[in-house]
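To start, the structure itself, in structure tokens.
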Amino acid sequence: MKKYKVGYTQGTFDLFHIGHLNLLNNAKKLCDYLIVGVNTDRLVKEYKCKDTIIKQKDRIEIVANIKAVDEVILTDTLDKLVVLDKIKFDVIFIGDDWKNNERWINTKNELAEKKIDVVFLPYTKRVSTTKITKICNK
Ligand code: CTP
């Protein structure tokens with residue numbers, strides 16, 4: 001039985017890879033309806049200080065066509081309370097590479113007050129957009 005009704009996860013999903021797929025499939029195992037926020041190119045530039053390789057129009061289309069995904073939105077903020085004003089969800093999923101991150105510790109506390117869970121899912125080791133980019137630039 002699935003634990004949650006509506007799940008939310010957010011990321012850049014640039015150069016979509018197996019780590020992204022595992023995260024989305026694992027999230028969907030725990031909720032009936034999975035909404036994915038795809039970070040805008042502007043937001044990525046702001047917080048990762050780099051340009052996306054695949055632009056938001058294509059990234060959102062790729063994510064929308066993943067079997068586990070029920071709905072996609074473009075997100076221009078990292079503030080999950082702002083997202084919560086626009087769409088309702090009862091859990092947020094994120095890879096456990098973020099588990100000790102200060103922003104996520106704060107997010108977990110803020111959302112707990114609203115009875116929304118943050119669930120850290122296993123990060124897929126050895127692959128990331130950054131690693132792929134480095135190999136391509138060798
Ligand atoms: N993720 C994962 N396993 C990976 C890479 C990403 O579980 N190997 C998860 C992240 O924890 C996040 C989501 O996938 O919940 C989107 O991550 P994103 O930042 O878009 O992907 P990365 O490959 O980590 O990108 P970058 O290298 O630019 O940080």
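Chain labels A, B, ... are given in the sequence in which chains occur in the structure tokens; within each chain residues are numbered consecutively from 1, and ligands are likewise numbered from 1 in the order shown.
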Just want the 8 Å neighbourhood of Gly19 in chain A, counted on only C-alpha atoms, with same-chain residues fewer than 3 positions away dropped. Output as a list in words. Asn22, Leu23, Tyr123, Thr124, Lys125, Val127 and Ser128 of chain A
Which residues sit within 8 Å of ligand 1, counting only C-alpha atoms and all ligand atoms, listed as a PyMOL selection string? chain A and resi 9-24+48+93-98+121-131
Where in range 43-101 of chain A does DSSP assign helix (DSSP H, G or I), given as a CSV table (one decimal) with C-alpha atoms, in the first residue's frame?
```csv
chain,number,residue,atom,x,y,z
A,43,LEU,CA,17.0,29.4,-11.0
A,44,VAL,CA,19.8,27.0,-11.9
A,45,LYS,CA,22.1,29.9,-12.9
A,46,GLU,CA,21.3,31.6,-9.6
A,47,TYR,CA,22.0,28.7,-7.2
A,48,LYS,CA,24.3,26.4,-9.1
A,56,GLN,CA,13.9,24.1,-19.5
A,57,LYS,CA,11.5,23.6,-22.3
A,58,ASP,CA,13.2,20.3,-23.2
A,59,ARG,CA,13.9,19.2,-19.6
A,60,ILE,CA,10.3,19.6,-18.7
A,61,GLU,CA,9.2,17.6,-21.7
A,62,ILE,CA,11.6,14.8,-20.9
A,63,VAL,CA,10.5,14.6,-17.3
A,64,ALA,CA,6.8,14.7,-18.2
A,80,LYS,CA,9.2,24.8,-0.8
A,81,LEU,CA,6.7,26.9,1.2
A,82,VAL,CA,6.2,29.1,-1.9
A,83,VAL,CA,5.6,26.0,-4.0
A,84,LEU,CA,3.2,24.7,-1.4
A,85,ASP,CA,1.1,27.9,-1.9
A,86,LYS,CA,0.6,26.9,-5.5
A,96,ASP,CA,19.9,11.6,0.4
A,97,ASP,CA,22.9,13.5,-0.9
A,98,TRP,CA,21.0,16.5,0.6
```
Expressed in Å to a single decimal, how great is the separation between CA of Ile73 in chain A and CA of Lys115 in chain A? 22.6 Å
Within 8 Å of Lys2 in chain A using only C-alpha atoms, minus same-chain residues under 3 positions, as a PyMOL selection string: chain A and resi 5+29-32
Can I get the selection written as a PDB file, in the first residue's frame, with N, CA and C atoms?
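Wrote it out as out_1.pdb, contents follow:
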```pdb
ATOM      1  N   LYS A   5      -0.598  10.295  -0.579  1.00  0.00           N
ATOM      2  CA  LYS A   5      -1.457  10.543  -1.750  1.00  0.00           C
ATOM      3  C   LYS A   5      -0.686  11.328  -2.814  1.00  0.00           C
ATOM      4  N   LYS A  29       6.855   4.921  -5.946  1.00  0.00           N
ATOM      5  CA  LYS A  29       6.497   3.731  -5.158  1.00  0.00           C
ATOM      6  C   LYS A  29       5.819   4.123  -3.842  1.00  0.00           C
ATOM      7  N   LEU A  30       6.067   5.362  -3.391  1.00  0.00           N
ATOM      8  CA  LEU A  30       5.563   5.785  -2.075  1.00  0.00           C
ATOM      9  C   LEU A  30       4.371   6.737  -2.144  1.00  0.00           C
ATOM     10  N   CYS A  31       3.914   7.068  -3.354  1.00  0.00           N
ATOM     11  CA  CYS A  31       2.752   7.975  -3.444  1.00  0.00           C
ATOM     12  C   CYS A  31       1.873   7.586  -4.636  1.00  0.00           C
ATOM     13  N   ASP A  32       0.602   8.025  -4.563  1.00  0.00           N
ATOM     14  CA  ASP A  32      -0.332   7.721  -5.657  1.00  0.00           C
ATOM     15  C   ASP A  32      -0.111   8.651  -6.846  1.00  0.00           C
TER      16      ASP A  32
END
```
